[in-house]
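Here's the structure, in structure tokens; my notes come after.
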Amino acid sequence: MDELTSTIDLLPKRSLARSQGPLYRQLADILREPIRSGAFRVGAELPKEAVIADHFGVSLITVRQALRDLEADGLIKKRSAKPAIITSSQPPVTLSWTFKNFADMAAFTKDAELKVKSYRKESSPVLQRHFGLAKDEAGYCLRSMLVVGKQRKAQITTYFPPTLGAKLTKADFNDVLIFRAVQRRLNIRMAVAHCTVRAEIADESVAADLGVTVGSAILAVEMLYQAADQSNVEFTIARHPADMFSITYDAPNDLA
């Protein structure tokens, strides 16, 4: 029995079910556990992609996406025409975000906690731009922090139009996913989230919240949530320390 065969034998033999979520994410979780426990030692090779696919009854595309997630976590290094190699048993202190749907958003906040700082009426150009409010007309603003253990991962500012914001209270934001708390409280299902990612420089407020120096690089992720009737329900800005965050996505070559 060669080493790759013995390695695959350390993994459970079971079929993955789509009802339990994306197959690649289930597979990544299965592979992640023996890496973290040390059963798969650092420096060793994972089984070949085809062997993993056959073992779990999934496609090579599913295996490759799972391996991309593990590589984004800093646990493995993919190699051309060779099995991936294990580089670490513990991921570095980073956040990697593969964002394609709302399920990925939920996965991103796993083990995180939302700490609400304030919820009150405010006026802002953001409210004018996204909700059509007149100048100086007040909407509602939620200010919070996303934390994992003692680490401050994001400063979050969320805006609501006055008609919806008046129906919410500070106590309603008891879910790490703000949009999910809003859906539950107002019985409004978010149909789509428009995402914009941009670079910023930390001002004094952001620096104090995130524990970074003024002028540090910040990655700002803006999310505009719309209901099925295309009305704007929520606008959120999450500001992250740039060195604790990465974005992973597939870029197919569509050039002739």
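Residues in the structure tokens are numbered from 1 in each chain, the chains being A, B, ... in the order shown, and ligands are numbered from 1 in the order shown.
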Just list the residues in region 129-247 of chain A DSSP gives helix (DSSP H, G or I) on the backbone, as a PyMOL selection string.
chain A and resi 129-131+162-165+170-172+178-186+204-210+242-244
Once you have the residues from the selection above, write them out as a short mmCIF file (atom, residue, chain, number, x, y, z; two decimals), in the first residue's frame, restricted to C-alpha atoms.
```cif
data_model
loop_
_atom_site.label_atom_id
_atom_site.label_comp_id
_atom_site.auth_asym_id
_atom_site.auth_seq_id
_atom_site.Cartn_x
_atom_site.Cartn_y
_atom_site.Cartn_z
CA ARG A 129 -27.74 58.12 -2.37
CA HIS A 130 -29.17 54.67 -1.71
CA PHE A 131 -32.65 55.39 -0.33
CA PRO A 162 -36.78 55.50 7.83
CA THR A 163 -39.89 53.43 7.00
CA LEU A 164 -38.05 50.18 7.70
CA GLY A 165 -35.60 51.39 10.31
CA LYS A 170 -31.22 47.44 18.84
CA ALA A 171 -32.37 44.14 20.34
CA ASP A 172 -33.47 42.85 16.92
CA ILE A 178 -27.53 41.56 9.90
CA PHE A 179 -29.56 40.96 6.74
CA ARG A 180 -30.84 37.68 8.18
CA ALA A 181 -32.01 39.40 11.36
CA VAL A 182 -33.79 42.01 9.23
CA GLN A 183 -35.47 39.33 7.12
CA ARG A 184 -36.71 37.56 10.23
CA ARG A 185 -37.96 40.70 11.98
CA LEU A 186 -39.59 42.42 8.97
CA GLU A 204 -9.23 57.78 13.78
CA SER A 205 -12.60 56.07 14.30
CA VAL A 206 -11.79 53.04 12.15
CA ALA A 207 -8.29 52.78 13.60
CA ALA A 208 -9.64 52.76 17.16
CA ASP A 209 -12.27 50.11 16.39
CA LEU A 210 -9.91 47.77 14.51
CA ALA A 242 -6.24 44.87 4.71
CA ASP A 243 -3.64 42.40 6.01
CA MET A 244 -6.31 40.17 7.56
#
```
Expected answer as an MDAnalysis selection string: strand (DSSP E) residues in region 22-206 of chain A:
chainID A and resid 76:79 82:86 95:97 113:122 139:148 151:160 190:201
Write out as a list in words which residues come within 9 Å of Leu11 (chain A) when counting only C-alpha atoms, dropping same-chain ones fewer than 3 positions away.
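Listing them by chain and then by number gives Thr7, Ile8, Ile30, Leu31, Pro34 and His55 of chain A.
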Who sits within 8 Å of Pro241 (chain A), only C-alpha atoms, same chain under 3 positions skipped, as a list in words:
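Once the nearby chain positions are removed, what remains is Lys153, Ala154, Leu210, Val212, Ser216, Ala217, Ile218, Leu219, Met244 and Phe245 of chain A.
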Find the residues of region 136-222 of chain A that sit at most 7 Å from region 113-117 of chain A; for each, write down the nearest two atoms and how far apart they are in Å, to one decimal. Count only C-alpha atoms. Sort by chain, then by number going up, and give it as CSV.
```
residue,atom,partner,partner_atom,distance
A:Arg143,CA,A:Lys117,CA,5.4
A:Ser144,CA,A:Val116,CA,4.2
A:Met145,CA,A:Lys115,CA,5.1
A:Leu146,CA,A:Leu114,CA,4.8
A:Val147,CA,A:Glu113,CA,5.3
A:Val148,CA,A:Glu113,CA,6.2
A:Val176,CA,A:Leu114,CA,4.8
```
Restricting the calculation to only C-alpha atoms, which member of A:Arg68, A:Lys82, A:His194, A:Lys121 is positioned closest to Ala50 (chain A)?
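The answer is A:Lys82, which sits nearest to Ala50 (chain A).
When the distance limit is 6 Å and only C-alpha atoms are what count, the residues near Pro83 (chain A), minus those fewer than 6 positions from it on the same chain, are Glu45, Leu46 and Lys48 of chain A.
Shortest separation to Leu23 (chain A) among A:Ala238, A:Leu142, A:Ala134, A:Val58 occurs at residue A:Val58, atoms counted being only C-alpha atoms.
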Got a sec: who's within 9 Å of Leu27 (chain A), counting only C-alpha atoms, leaving out chain neighbours fewer than 4 positions off, as an NGL selection string?
:A and (16 or 22-23 or 31-32 or 56 or 62-63 or 66-67)
Those residues with N, CA and C atoms, as a PDB file, in the first residue's frame please?
```pdb
ATOM      1  N   LEU A  16     -21.588  12.549  -0.289  1.00  0.00           N
ATOM      2  CA  LEU A  16     -21.972  13.894   0.119  1.00  0.00           C
ATOM      3  C   LEU A  16     -23.343  14.214  -0.460  1.00  0.00           C
ATOM      4  N   PRO A  22     -23.273  23.246  -0.290  1.00  0.00           N
ATOM      5  CA  PRO A  22     -22.386  23.020  -1.435  1.00  0.00           C
ATOM      6  C   PRO A  22     -21.456  21.834  -1.200  1.00  0.00           C
ATOM      7  N   LEU A  23     -21.337  20.961  -2.206  1.00  0.00           N
ATOM      8  CA  LEU A  23     -20.522  19.764  -2.053  1.00  0.00           C
ATOM      9  C   LEU A  23     -19.054  20.106  -1.805  1.00  0.00           C
ATOM     10  N   LEU A  31     -11.634  17.363   4.534  1.00  0.00           N
ATOM     11  CA  LEU A  31     -10.188  17.353   4.349  1.00  0.00           C
ATOM     12  C   LEU A  31      -9.474  18.213   5.387  1.00  0.00           C
ATOM     13  N   ARG A  32     -10.127  19.271   5.809  1.00  0.00           N
ATOM     14  CA  ARG A  32      -9.515  20.200   6.762  1.00  0.00           C
ATOM     15  C   ARG A  32      -9.262  19.545   8.120  1.00  0.00           C
ATOM     16  N   PHE A  56     -15.134   9.972  -2.776  1.00  0.00           N
ATOM     17  CA  PHE A  56     -16.353  10.612  -2.276  1.00  0.00           C
ATOM     18  C   PHE A  56     -17.479  10.656  -3.314  1.00  0.00           C
ATOM     19  N   THR A  62     -15.611  19.664  -8.235  1.00  0.00           N
ATOM     20  CA  THR A  62     -15.891  19.795  -6.804  1.00  0.00           C
ATOM     21  C   THR A  62     -14.616  19.668  -5.989  1.00  0.00           C
ATOM     22  N   VAL A  63     -13.784  18.696  -6.341  1.00  0.00           N
ATOM     23  CA  VAL A  63     -12.520  18.499  -5.625  1.00  0.00           C
ATOM     24  C   VAL A  63     -11.633  19.733  -5.759  1.00  0.00           C
ATOM     25  N   ALA A  66     -12.819  22.575  -3.617  1.00  0.00           N
ATOM     26  CA  ALA A  66     -12.514  22.306  -2.204  1.00  0.00           C
ATOM     27  C   ALA A  66     -11.041  22.587  -1.913  1.00  0.00           C
ATOM     28  N   LEU A  67     -10.166  22.173  -2.826  1.00  0.00           N
ATOM     29  CA  LEU A  67      -8.735  22.408  -2.631  1.00  0.00           C
ATOM     30  C   LEU A  67      -8.403  23.896  -2.707  1.00  0.00           C
TER      31      LEU A  67
END
```
